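Asker: My file is coords27.cif. It has mmCIF, C-alpha atoms:
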```cif
data_input
#
loop_
_atom_site.label_atom_id
_atom_site.label_comp_id
_atom_site.auth_asym_id
_atom_site.auth_seq_id
_atom_site.Cartn_x
_atom_site.Cartn_y
_atom_site.Cartn_z
CA GLN A 1 -162.26 -11.32 -140.41
CA SER A 2 -160.95 -14.07 -138.12
CA PHE A 3 -159.69 -11.51 -135.61
CA ALA A 4 -163.15 -9.90 -135.60
CA THR A 5 -164.86 -13.17 -134.65
CA ILE A 6 -162.75 -13.45 -131.48
CA GLY A 7 -163.18 -9.81 -130.45
CA ARG A 8 -159.74 -8.51 -131.50
CA ASP A 9 -161.26 -5.56 -133.38
CA ALA A 10 -158.18 -3.31 -133.50
CA GLU A 11 -156.07 -6.00 -135.19
CA SER A 12 -158.95 -6.89 -137.47
CA LEU A 13 -159.31 -3.29 -138.68
CA THR A 14 -155.56 -2.98 -139.25
CA HIS A 15 -155.63 -5.96 -141.62
CA LEU A 16 -158.84 -4.82 -143.30
CA ARG A 17 -157.35 -1.38 -144.00
CA ARG A 18 -154.32 -3.06 -145.62
CA ALA A 19 -156.59 -5.33 -147.67
CA LEU A 20 -158.59 -2.27 -148.76
CA GLU A 21 -155.42 -0.48 -149.93
CA ILE A 22 -154.33 -3.52 -151.96
CA ARG A 23 -157.73 -4.02 -153.56
CA GLN A 24 -158.08 -0.32 -154.40
CA GLU A 25 -154.67 -0.42 -156.06
CA LEU A 26 -155.43 -3.61 -158.01
CA PHE A 27 -159.11 -3.20 -158.88
CA GLY A 28 -160.15 0.41 -158.21
CA ASP A 29 -162.76 1.85 -155.85
CA GLU A 30 -165.87 0.39 -157.45
CA ASP A 31 -164.92 -3.28 -157.72
CA PRO A 32 -167.00 -5.68 -155.55
CA LEU A 33 -163.84 -6.90 -153.78
CA THR A 34 -163.00 -3.34 -152.74
CA VAL A 35 -166.55 -2.60 -151.62
CA GLU A 36 -166.55 -5.84 -149.60
CA CYS A 37 -163.68 -4.45 -147.51
CA LEU A 38 -165.55 -1.20 -146.90
CA LEU A 39 -168.59 -3.13 -145.64
CA ALA A 40 -166.45 -5.26 -143.33
CA MET A 41 -164.87 -2.14 -141.83
CA ALA A 42 -168.19 -0.40 -141.05
CA ARG A 43 -168.36 -1.37 -137.37
CA PRO A 44 -169.27 0.59 -134.25
CA ASP A 45 -166.32 2.76 -133.27
CA PRO A 46 -166.22 3.78 -129.58
CA ALA A 47 -164.30 6.91 -130.56
CA ARG A 48 -166.99 7.96 -133.11
CA PRO A 49 -170.40 6.66 -131.99
CA ASP A 50 -172.30 9.05 -134.26
CA GLU A 51 -170.49 7.86 -137.41
CA TRP A 52 -171.74 4.27 -137.55
CA GLU A 53 -175.12 4.92 -139.11
CA ARG A 54 -173.79 7.58 -141.52
CA VAL A 55 -171.02 5.30 -142.86
CA ARG A 56 -173.38 2.36 -143.30
CA ARG A 57 -175.94 4.51 -145.14
CA GLN A 58 -173.18 5.73 -147.45
CA ASN A 59 -172.09 2.13 -148.11
CA TRP A 60 -175.65 1.06 -148.91
CA GLU A 61 -176.12 3.96 -151.34
CA THR A 62 -172.82 3.07 -153.03
CA CYS A 63 -173.82 -0.59 -153.46
CA LEU A 64 -177.26 0.37 -154.75
CA ARG A 65 -175.66 2.67 -157.34
CA LEU A 66 -172.98 0.20 -158.44
CA PHE A 67 -174.71 -3.17 -158.27
CA GLY A 68 -178.48 -2.67 -157.98
CA ASP A 69 -180.71 -3.89 -155.16
CA ARG A 70 -180.49 -7.65 -155.92
CA HIS A 71 -176.73 -8.03 -155.47
CA PRO A 72 -175.47 -9.86 -152.33
CA LEU A 73 -173.29 -6.89 -151.35
CA THR A 74 -176.29 -4.53 -151.54
CA PHE A 75 -178.24 -6.91 -149.33
CA TRP A 76 -175.33 -6.98 -146.86
CA ALA A 77 -175.11 -3.17 -146.87
CA ALA A 78 -178.89 -2.77 -146.41
CA LYS A 79 -178.87 -5.23 -143.52
CA ASP A 80 -175.96 -3.38 -141.88
CA LEU A 81 -177.81 -0.06 -142.20
CA ILE A 82 -181.00 -1.50 -140.70
CA VAL A 83 -179.04 -2.84 -137.72
CA ALA A 84 -177.29 0.51 -137.13
CA TRP A 85 -180.24 2.84 -137.78
CA THR A 86 -181.39 4.95 -134.81
CA VAL A 87 -184.89 5.47 -136.14
CA THR A 88 -186.79 8.69 -135.47
CA PRO A 89 -190.57 9.01 -136.00
CA GLN A 90 -189.87 11.04 -139.15
CA GLU A 91 -187.80 8.14 -140.53
CA ALA A 92 -190.13 5.32 -139.48
CA ALA A 93 -191.82 4.90 -142.86
CA GLU A 94 -188.47 4.96 -144.69
CA PHE A 95 -187.00 2.39 -142.30
CA GLU A 96 -189.96 0.03 -142.62
CA GLN A 97 -189.99 0.37 -146.42
CA LEU A 98 -186.27 -0.49 -146.66
CA ALA A 99 -186.65 -3.43 -144.28
CA ARG A 100 -189.62 -4.92 -146.13
CA ARG A 101 -187.96 -4.36 -149.52
CA THR A 102 -184.77 -6.04 -148.31
CA ILE A 103 -186.76 -9.03 -147.03
CA ALA A 104 -188.57 -9.32 -150.40
CA VAL A 105 -185.30 -9.18 -152.36
CA GLN A 106 -183.78 -11.76 -150.03
CA LYS A 107 -186.63 -14.19 -150.70
CA GLN A 108 -186.50 -13.64 -154.48
CA ALA A 109 -182.77 -13.48 -155.12
CA PHE A 110 -181.12 -15.88 -152.68
CA ASP A 111 -181.49 -19.63 -152.31
CA PRO A 112 -181.97 -20.52 -149.55
CA PRO A 113 -183.10 -17.09 -148.29
CA TYR A 114 -181.93 -17.74 -144.71
CA ASP A 115 -180.74 -14.66 -142.92
CA PRO A 116 -183.31 -13.64 -140.31
CA ALA A 117 -181.50 -10.45 -139.21
CA VAL A 118 -183.67 -7.99 -141.15
CA GLN A 119 -186.95 -9.69 -140.21
CA SER A 120 -185.80 -9.76 -136.58
CA PHE A 121 -184.98 -6.04 -136.50
CA LEU A 122 -188.26 -5.23 -138.24
CA ALA A 123 -190.12 -7.20 -135.53
CA ASN A 124 -188.15 -5.26 -132.89
CA PHE A 125 -189.06 -1.96 -134.61
CA LEU A 126 -192.76 -2.91 -134.68
CA MET A 127 -192.60 -3.78 -130.96
CA TYR A 128 -191.08 -0.41 -130.01
CA SER A 129 -193.65 1.29 -132.27
CA GLN A 130 -196.38 -0.33 -130.11
CA ARG A 131 -197.67 -2.36 -133.07
CA LEU A 132 -197.66 -5.35 -130.76
CA ASP A 133 -199.83 -7.77 -132.76
CA GLU A 134 -197.70 -7.28 -135.89
CA ALA A 135 -194.50 -7.57 -133.87
CA GLU A 136 -195.65 -10.80 -132.22
CA SER A 137 -196.70 -12.38 -135.51
CA LEU A 138 -193.44 -11.54 -137.31
CA ALA A 139 -191.25 -12.54 -134.35
CA ARG A 140 -192.97 -15.94 -134.11
CA LYS A 141 -192.54 -16.59 -137.86
CA THR A 142 -188.89 -15.51 -137.78
CA MET A 143 -188.16 -17.63 -134.72
CA GLU A 144 -189.67 -20.68 -136.41
CA MET A 145 -187.55 -20.05 -139.53
CA ALA A 146 -184.40 -19.67 -137.41
CA GLN A 147 -185.16 -22.92 -135.57
CA ARG A 148 -185.64 -24.80 -138.86
CA GLN A 149 -182.53 -23.45 -140.54
CA GLY A 150 -180.12 -22.81 -137.68
CA GLY A 151 -181.30 -25.16 -134.94
CA PRO A 152 -182.77 -24.50 -131.49
CA ASP A 153 -179.68 -22.62 -130.25
CA ASP A 154 -179.49 -20.22 -133.19
CA TYR A 155 -178.85 -16.60 -132.08
CA TRP A 156 -181.95 -15.32 -133.88
CA VAL A 157 -184.17 -17.77 -131.98
CA GLY A 158 -183.11 -16.01 -128.79
CA PHE A 159 -183.37 -12.52 -130.32
CA ASN A 160 -186.99 -13.05 -131.39
CA ASN A 161 -187.84 -14.70 -128.09
CA MET A 162 -186.68 -11.46 -126.44
CA VAL A 163 -188.94 -9.46 -128.78
CA LEU A 164 -191.82 -11.66 -127.63
CA ALA A 165 -190.76 -11.13 -124.00
CA ARG A 166 -190.92 -7.35 -124.48
CA VAL A 167 -194.31 -7.65 -126.18
CA ALA A 168 -195.55 -9.62 -123.16
CA ARG A 169 -194.08 -7.00 -120.80
CA TYR A 170 -195.86 -4.16 -122.61
CA ARG A 171 -199.11 -6.12 -122.36
CA GLY A 172 -198.62 -6.65 -118.64
CA ASP A 173 -198.09 -10.41 -118.93
CA PHE A 174 -195.02 -10.40 -116.69
CA ALA A 175 -195.02 -14.16 -116.06
CA ASP A 176 -194.72 -14.93 -119.79
CA ALA A 177 -192.07 -12.23 -120.19
CA GLU A 178 -190.01 -13.69 -117.32
CA HIS A 179 -190.32 -17.22 -118.73
CA ARG A 180 -189.10 -16.08 -122.16
CA TYR A 181 -186.15 -14.12 -120.74
CA ARG A 182 -185.04 -17.12 -118.68
CA ASN A 183 -185.29 -19.45 -121.69
CA THR A 184 -183.25 -17.05 -123.81
CA ILE A 185 -180.57 -16.77 -121.12
CA GLU A 186 -180.09 -20.54 -121.11
CA LEU A 187 -180.04 -20.63 -124.91
CA GLN A 188 -177.42 -17.86 -125.14
CA LYS A 189 -175.22 -19.44 -122.47
CA ARG A 190 -175.16 -22.65 -124.51
CA ALA A 191 -174.66 -20.96 -127.86
CA GLN A 192 -172.52 -17.90 -127.05
CA GLY A 193 -170.83 -18.81 -123.77
CA ARG A 194 -170.90 -17.13 -120.37
CA ASP A 195 -168.47 -14.30 -121.16
CA ASN A 196 -170.21 -12.87 -124.19
CA GLU A 197 -171.95 -9.52 -124.56
CA LEU A 198 -174.82 -11.19 -126.43
CA THR A 199 -175.48 -13.50 -123.48
CA ALA A 200 -175.74 -10.50 -121.15
CA ILE A 201 -178.58 -8.87 -123.14
CA PRO A 202 -181.41 -11.20 -121.98
CA ILE A 203 -179.94 -11.17 -118.44
CA LEU A 204 -180.24 -7.37 -118.48
CA GLY A 205 -183.80 -7.71 -119.79
CA LEU A 206 -184.73 -10.07 -116.96
CA GLY A 207 -183.16 -7.74 -114.38
CA ARG A 208 -185.10 -4.77 -115.72
CA LEU A 209 -188.33 -6.80 -115.63
CA LEU A 210 -187.79 -7.87 -112.02
CA TYR A 211 -186.91 -4.29 -111.07
CA GLY A 212 -190.00 -2.98 -112.85
CA VAL A 213 -192.37 -5.21 -110.86
CA GLY A 214 -190.72 -4.35 -107.53
CA ARG A 215 -188.73 -7.57 -107.02
CA PHE A 216 -185.58 -5.61 -106.15
CA GLU A 217 -183.75 -8.29 -104.16
CA GLU A 218 -184.10 -10.73 -107.06
CA ALA A 219 -183.15 -8.09 -109.61
CA GLU A 220 -179.86 -7.14 -107.92
CA PRO A 221 -177.90 -10.41 -108.46
CA VAL A 222 -179.28 -10.72 -112.01
CA LEU A 223 -178.08 -7.22 -112.92
CA ARG A 224 -174.71 -7.84 -111.24
CA GLU A 225 -174.28 -10.91 -113.44
CA ALA A 226 -175.14 -8.89 -116.57
CA LEU A 227 -172.68 -6.13 -115.61
CA ASP A 228 -169.83 -8.52 -114.78
CA MET A 229 -170.38 -10.40 -118.05
CA ASN A 230 -170.25 -7.20 -120.11
CA LEU A 231 -167.13 -5.97 -118.33
CA ARG A 232 -165.34 -9.27 -118.94
CA ALA A 233 -166.40 -9.35 -122.60
CA LYS A 234 -165.97 -5.71 -123.68
CA GLY A 235 -164.91 -3.46 -120.78
CA THR A 236 -165.73 0.21 -121.27
CA ALA A 237 -166.23 -0.39 -125.02
CA GLY A 238 -169.26 -2.60 -124.38
CA HIS A 239 -172.51 -1.23 -125.81
CA TYR A 240 -174.59 -2.64 -122.96
CA THR A 241 -172.12 -2.12 -120.08
CA PRO A 242 -173.45 1.35 -119.08
CA ARG A 243 -177.05 0.15 -119.28
CA CYS A 244 -176.29 -2.75 -116.92
CA LEU A 245 -174.48 -0.43 -114.52
CA HIS A 246 -177.31 2.12 -114.58
CA GLU A 247 -180.03 -0.46 -113.89
CA LEU A 248 -178.00 -2.06 -111.10
CA CYS A 249 -177.40 1.31 -109.44
CA ARG A 250 -181.10 2.17 -109.64
CA VAL A 251 -181.84 -1.01 -107.68
CA LEU A 252 -179.03 -0.26 -105.20
CA SER A 253 -180.40 3.26 -104.69
CA LEU A 254 -183.91 1.97 -104.03
CA THR A 255 -182.65 -0.59 -101.52
CA GLY A 256 -180.62 1.97 -99.54
CA LYS A 257 -177.18 1.08 -100.94
CA LEU A 258 -176.42 4.59 -102.18
CA ASP A 259 -172.74 4.49 -101.19
CA GLU A 260 -172.09 1.45 -103.37
CA ALA A 261 -174.07 2.93 -106.25
CA GLU A 262 -172.04 6.16 -106.08
CA LYS A 263 -168.75 4.24 -105.87
CA LEU A 264 -169.63 2.16 -108.95
CA HIS A 265 -170.62 5.25 -110.96
CA ARG A 266 -167.53 7.24 -109.99
CA GLN A 267 -165.33 4.30 -111.04
CA TRP A 268 -167.23 4.00 -114.33
CA LEU A 269 -166.83 7.73 -115.02
CA SER A 270 -163.11 7.48 -114.29
CA ASP A 271 -162.79 4.46 -116.62
CA CYS A 272 -164.62 6.29 -119.44
CA GLN A 273 -162.47 9.39 -119.05
CA ARG A 274 -159.33 7.23 -119.15
CA ASP A 275 -160.32 4.88 -122.00
CA LEU A 276 -162.60 7.04 -124.16
CA GLY A 277 -161.57 10.61 -123.32
CA PRO A 278 -163.25 13.53 -121.51
CA ASN A 279 -165.41 14.60 -124.47
CA HIS A 280 -166.82 11.22 -125.47
CA ALA A 281 -170.60 10.64 -125.49
CA GLU A 282 -170.29 7.70 -123.10
CA THR A 283 -168.28 9.85 -120.66
CA PHE A 284 -171.13 12.39 -120.62
CA ASN A 285 -173.65 9.56 -120.14
CA ALA A 286 -171.60 8.41 -117.14
CA MET A 287 -171.89 11.92 -115.69
CA THR A 288 -175.68 11.71 -116.09
CA GLN A 289 -175.86 8.42 -114.24
CA LEU A 290 -173.67 9.73 -111.41
CA ALA A 291 -175.90 12.82 -111.18
CA GLU A 292 -178.95 10.59 -110.75
CA VAL A 293 -177.33 8.71 -107.86
CA LEU A 294 -176.31 11.99 -106.20
CA ARG A 295 -179.86 13.31 -106.60
CA ASN A 296 -181.25 10.16 -104.97
CA GLY A 297 -178.96 10.88 -102.02
CA GLY A 298 -180.17 14.48 -101.74
CA ARG A 299 -176.87 15.97 -102.97
CA ASN A 300 -178.48 18.18 -105.59
CA ALA A 301 -175.70 20.78 -105.89
CA GLU A 302 -173.20 18.14 -107.03
CA ALA A 303 -175.86 16.46 -109.17
CA GLU A 304 -176.62 19.73 -110.97
CA SER A 305 -172.95 20.25 -111.87
CA PHE A 306 -172.57 16.80 -113.46
CA ALA A 307 -175.94 16.95 -115.23
CA ARG A 308 -175.16 20.36 -116.77
CA MET A 309 -171.80 19.15 -118.07
CA ALA A 310 -173.53 16.12 -119.59
CA VAL A 311 -176.28 18.13 -121.32
CA GLU A 312 -173.84 20.64 -122.79
CA GLY A 313 -171.45 17.90 -123.92
CA LEU A 314 -174.10 15.72 -125.56
CA ARG A 315 -175.61 18.64 -127.47
CA GLY A 316 -172.45 18.58 -129.56
CA TYR A 317 -173.22 15.06 -130.82
CA ASP A 318 -175.72 13.94 -133.44
CA LYS A 319 -176.88 17.45 -134.29
CA GLU A 320 -179.48 16.27 -136.80
CA LYS A 321 -181.60 14.25 -134.36
CA LYS A 322 -180.94 16.15 -131.12
CA ASP A 323 -182.04 13.20 -128.97
CA LEU A 324 -178.82 12.18 -127.21
CA PRO A 325 -179.17 14.72 -124.36
CA ALA A 326 -182.68 13.46 -123.45
CA HIS A 327 -181.64 11.47 -120.37
CA SER A 328 -179.26 14.19 -119.20
CA ALA A 329 -181.88 16.92 -119.69
CA LYS A 330 -184.41 14.83 -117.74
CA THR A 331 -181.95 14.41 -114.85
CA LEU A 332 -181.06 18.11 -114.79
CA ALA A 333 -184.75 19.11 -114.92
CA CYS A 334 -185.56 16.86 -111.96
CA VAL A 335 -182.61 18.23 -109.95
CA LEU A 336 -183.68 21.83 -110.59
CA SER A 337 -187.26 21.00 -109.72
CA ASP A 338 -186.12 19.36 -106.47
CA LEU A 339 -184.27 22.58 -105.65
CA GLY A 340 -187.45 24.60 -106.22
CA ARG A 341 -186.06 26.26 -109.37
CA HIS A 342 -189.06 25.33 -111.46
CA GLU A 343 -188.75 28.08 -114.08
CA GLU A 344 -185.21 26.88 -114.89
CA ALA A 345 -186.39 23.27 -115.01
CA VAL A 346 -189.16 23.80 -117.59
CA PRO A 347 -186.99 24.07 -120.75
CA PHE A 348 -185.00 20.98 -119.74
CA PHE A 349 -188.20 18.99 -119.17
CA ALA A 350 -189.36 20.12 -122.63
CA GLU A 351 -186.03 19.15 -124.20
CA ALA A 352 -186.10 15.73 -122.54
CA LEU A 353 -189.70 14.99 -123.57
CA ALA A 354 -189.05 16.06 -127.18
CA GLY A 355 -185.88 13.94 -127.23
CA PHE A 356 -187.61 10.77 -126.02
CA ARG A 357 -190.52 11.31 -128.40
CA ASN A 358 -188.01 11.61 -131.23
CA GLN A 359 -186.73 8.09 -130.57
CA ILE A 360 -188.64 4.98 -131.58
CA LEU A 361 -186.16 2.43 -130.25
CA VAL A 362 -186.59 3.52 -126.63
CA ASP A 363 -188.59 2.10 -123.75
CA ARG A 364 -191.95 3.86 -124.12
CA MET A 365 -192.61 3.44 -120.38
CA ILE A 366 -190.16 6.30 -119.74
CA ILE A 367 -192.46 8.91 -121.27
CA PRO A 368 -195.49 8.75 -118.90
CA GLY A 369 -193.23 9.10 -115.85
CA LEU A 370 -191.47 12.06 -117.42
CA GLN A 371 -194.80 13.70 -118.31
CA LEU A 372 -195.91 13.31 -114.68
CA GLN A 373 -192.73 15.00 -113.38
CA TYR A 374 -193.07 17.78 -115.97
CA GLY A 375 -196.72 18.28 -115.03
CA LEU A 376 -195.89 18.56 -111.31
CA CYS A 377 -193.26 21.19 -112.15
CA LEU A 378 -195.79 23.21 -114.17
CA THR A 379 -198.32 22.88 -111.34
CA SER A 380 -195.78 24.39 -108.93
CA LEU A 381 -195.67 27.43 -111.25
CA GLY A 382 -199.46 27.73 -111.34
CA ARG A 383 -199.60 26.72 -115.02
CA TYR A 384 -202.57 24.43 -114.48
CA ALA A 385 -203.81 24.44 -118.08
CA ASP A 386 -200.39 23.29 -119.29
#
```
As structure tokens, how would this structure be written, given the file I've shared?

Answerer:
Amino acid sequence: QSFATIGRDAESLTHLRRALEIRQELFGDEDPLTVECLLAMARPDPARPDEWERVRRQNWETCLRLFGDRHPLTFWAAKDLIVAWTVTPQEAAEFEQLARRTIAVQKQAFDPPYDPAVQSFLANFLMYSQRLDEAESLARKTMEMAQRQGGPDDYWVGFNNMVLARVARYRGDFADAEHRYRNTIELQKRAQGRDNELTAIPILGLGRLLYGVGRFEEAEPVLREALDMNLRAKGTAGHYTPRCLHELCRVLSLTGKLDEAEKLHRQWLSDCQRDLGPNHAETFNAMTQLAEVLRNGGRNAEAESFARMAVEGLRGYDKEKKDLPAHSAKTLACVLSDLGRHEEAVPFFAEALAGFRNQILVDRMIIPGLQLQYGLCLTSLGRYAD
């Protein structure tokens, strides 16, 4: 556990596996000490990104069966599942029910009931579901609780302040959103340090906000800081590293720095192939991002090749939800449409739109732009009713 707190995950998992073997031998598979090891080992694995949610759901079901819903290990397992859950619209009611039940059990069974993680993720879920009034109310209450119990620099104070920043952004109150992102950045730098992935999250949020309102020259250094921080903290294994790179390269492309954007994406693709392998989901995502840069530079033939490889590769992941190829399908559809191959583009536009609609925890501002591009493609085919 100590290795995990300082980012040495491989060593941490080695010791946890040994501890699990010893506890299984001494106490059996269903003893709380054995189950505790299983919960500690259920972390994101760069080599198996689709396994995280499945393993955590299995752990929660095991704890529920063995110990009931009021046991601390069941609460831990439920919280871990809520954090890992990639919620689809079909699962929204189930997710919300589990979150609210877990919060109720926490208040009844634990004294003091301080662990704002579940409330925070529920507020985040409500925000992405466009239930903005509910999200704002819950985020404010959770932030106040975190301030009382953990102090002004508590991580969950910053998390809920970011939820409020996103609520403000969706409402068009960009000044309030910017103010909240900047406050959270200062909080995280004090609490987490300057070389921490968690500190980079609000910096990325601020960069995206500045980019979204057309302040490209201000957005560029902010996004560079977020990218550099993620690379120092996690390298290619960082969850937010590709997002920072993608947003930075979008700004570079819009400000005429296409050569630098292409260079950064080619290096990132090479790093992913080396560190994660040629058939990893993040490697295919890197191909998508490179294809977008090539398209922006008018090099559609090369862009099509990378986008097709990405779509085909990502279709092999997460077969139940079928939403991972959404970005790649969108990129390929736009490339084909640019080339005048509108009939070929239509099914990829449809796949992309269905994929984004099947994700709740995604920026909803993507969908109107995609619908516009899809509509223009259909117009080119004379399908005016569609």

Asker: From the list A:Asn230, A:Thr102, A:Gln119, A:Gln188, which residue is nearest Trp76 (chain A) when using only C-alpha atoms?

Answerer: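 For Trp76 (chain A), the nearest of the candidates is A:Thr102.
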
Asker: Step by step, work through what the PyMOL selection byres ((chain A and resi 118) around 10) selects in the shown file, and finish by giving those residues as a list in words.

Answerer: Phe75, Ala78, Lys79, Asp80, Leu81, Ile82, Val83, Leu98, Ala99, Arg100, Thr102, Ile103, Gln106, Asp115, Pro116, Ala117, Gln119, Ser120, Phe121, Leu122, Ala123, Asn124 and Thr142 of chain A

Asker: Once the PyMOL selection byres ((chain A and resi 134) around 12) has been evaluated on this model, what residues remain selected, and can you format them as a ChimeraX atom specification?

Answerer: /A:119,122-133,135-141,163-164,167

Asker: Take the residues that were just selected and, keeping C-alpha atoms, output them as a PDB file, in the coordinates of the input.

Answerer:
```
ATOM      1  CA  GLN A 119    -186.950  -9.690-140.210  1.00  0.00           C
ATOM      2  CA  LEU A 122    -188.260  -5.230-138.240  1.00  0.00           C
ATOM      3  CA  ALA A 123    -190.120  -7.200-135.530  1.00  0.00           C
ATOM      4  CA  ASN A 124    -188.150  -5.260-132.890  1.00  0.00           C
ATOM      5  CA  PHE A 125    -189.060  -1.960-134.610  1.00  0.00           C
ATOM      6  CA  LEU A 126    -192.760  -2.910-134.680  1.00  0.00           C
ATOM      7  CA  MET A 127    -192.600  -3.780-130.960  1.00  0.00           C
ATOM      8  CA  TYR A 128    -191.080  -0.410-130.010  1.00  0.00           C
ATOM      9  CA  SER A 129    -193.650   1.290-132.270  1.00  0.00           C
ATOM     10  CA  GLN A 130    -196.380  -0.330-130.110  1.00  0.00           C
ATOM     11  CA  ARG A 131    -197.670  -2.360-133.070  1.00  0.00           C
ATOM     12  CA  LEU A 132    -197.660  -5.350-130.760  1.00  0.00           C
ATOM     13  CA  ASP A 133    -199.830  -7.770-132.760  1.00  0.00           C
ATOM     14  CA  ALA A 135    -194.500  -7.570-133.870  1.00  0.00           C
ATOM     15  CA  GLU A 136    -195.650 -10.800-132.220  1.00  0.00           C
ATOM     16  CA  SER A 137    -196.700 -12.380-135.510  1.00  0.00           C
ATOM     17  CA  LEU A 138    -193.440 -11.540-137.310  1.00  0.00           C
ATOM     18  CA  ALA A 139    -191.250 -12.540-134.350  1.00  0.00           C
ATOM     19  CA  ARG A 140    -192.970 -15.940-134.110  1.00  0.00           C
ATOM     20  CA  LYS A 141    -192.540 -16.590-137.860  1.00  0.00           C
ATOM     21  CA  VAL A 163    -188.940  -9.460-128.780  1.00  0.00           C
ATOM     22  CA  LEU A 164    -191.820 -11.660-127.630  1.00  0.00           C
ATOM     23  CA  VAL A 167    -194.310  -7.650-126.180  1.00  0.00           C
TER      24      VAL A 167
END
```

Asker: Could you please determine the separation between CA of Glu344 (chain A) and CA of Asn279 (chain A) in Å, to one decimal place?

Answerer: 25.2 Å

Asker: Between A:His179, A:Arg274, A:Arg295, A:His280, which has the minimum distance to Ser337 (chain A) (counting all atoms listed in the file)?

Answerer: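 For Ser337 (chain A), the nearest of the candidates is A:Arg295.
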
Asker: Which polymer residues have any atom within 12 Å of an atom of Arg190 (chain A), counting all atoms listed in the file, with same-chain residues fewer than 5 positions away left out, as a VMD selection string?

Answerer: chain A and resid 152 to 155 158 183 to 185 195 to 196 198 to 199

Asker: Just say which residues the PyMOL selection byres ((chain A and resi 333) around 8) picks in this file, as a list in words.

Answerer: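 When the PyMOL selection byres ((chain A and resi 333) around 8) is applied to the shown file, the picked residues are Ala329, Lys330, Thr331, Leu332, Cys334, Val335, Leu336, Ser337, Glu344, Ala345, Val346, Pro347, Phe348 and Phe349 of chain A.
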
Asker: Write a file of the selected residues as a tab-separated table (two decimals), keeping the file's coordinate frame, keeping C-alpha atoms.

Answerer:
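Listed below is the output, result.tsv:
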```tsv
chain	number	residue	atom	x	y	z
A	329	ALA	CA	-181.88	16.92	-119.69
A	330	LYS	CA	-184.41	14.83	-117.74
A	331	THR	CA	-181.95	14.41	-114.85
A	332	LEU	CA	-181.06	18.11	-114.79
A	334	CYS	CA	-185.56	16.86	-111.96
A	335	VAL	CA	-182.61	18.23	-109.95
A	336	LEU	CA	-183.68	21.83	-110.59
A	337	SER	CA	-187.26	21.00	-109.72
A	344	GLU	CA	-185.21	26.88	-114.89
A	345	ALA	CA	-186.39	23.27	-115.01
A	346	VAL	CA	-189.16	23.80	-117.59
A	347	PRO	CA	-186.99	24.07	-120.75
A	348	PHE	CA	-185.00	20.98	-119.74
A	349	PHE	CA	-188.20	18.99	-119.17
```

Asker: What is the distance, in Å and to one decimal place, between CA of Glu262 (chain A) and CA of Leu294 (chain A)?

Answerer: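 Distance reported for this atom pair: 7.2 Å.
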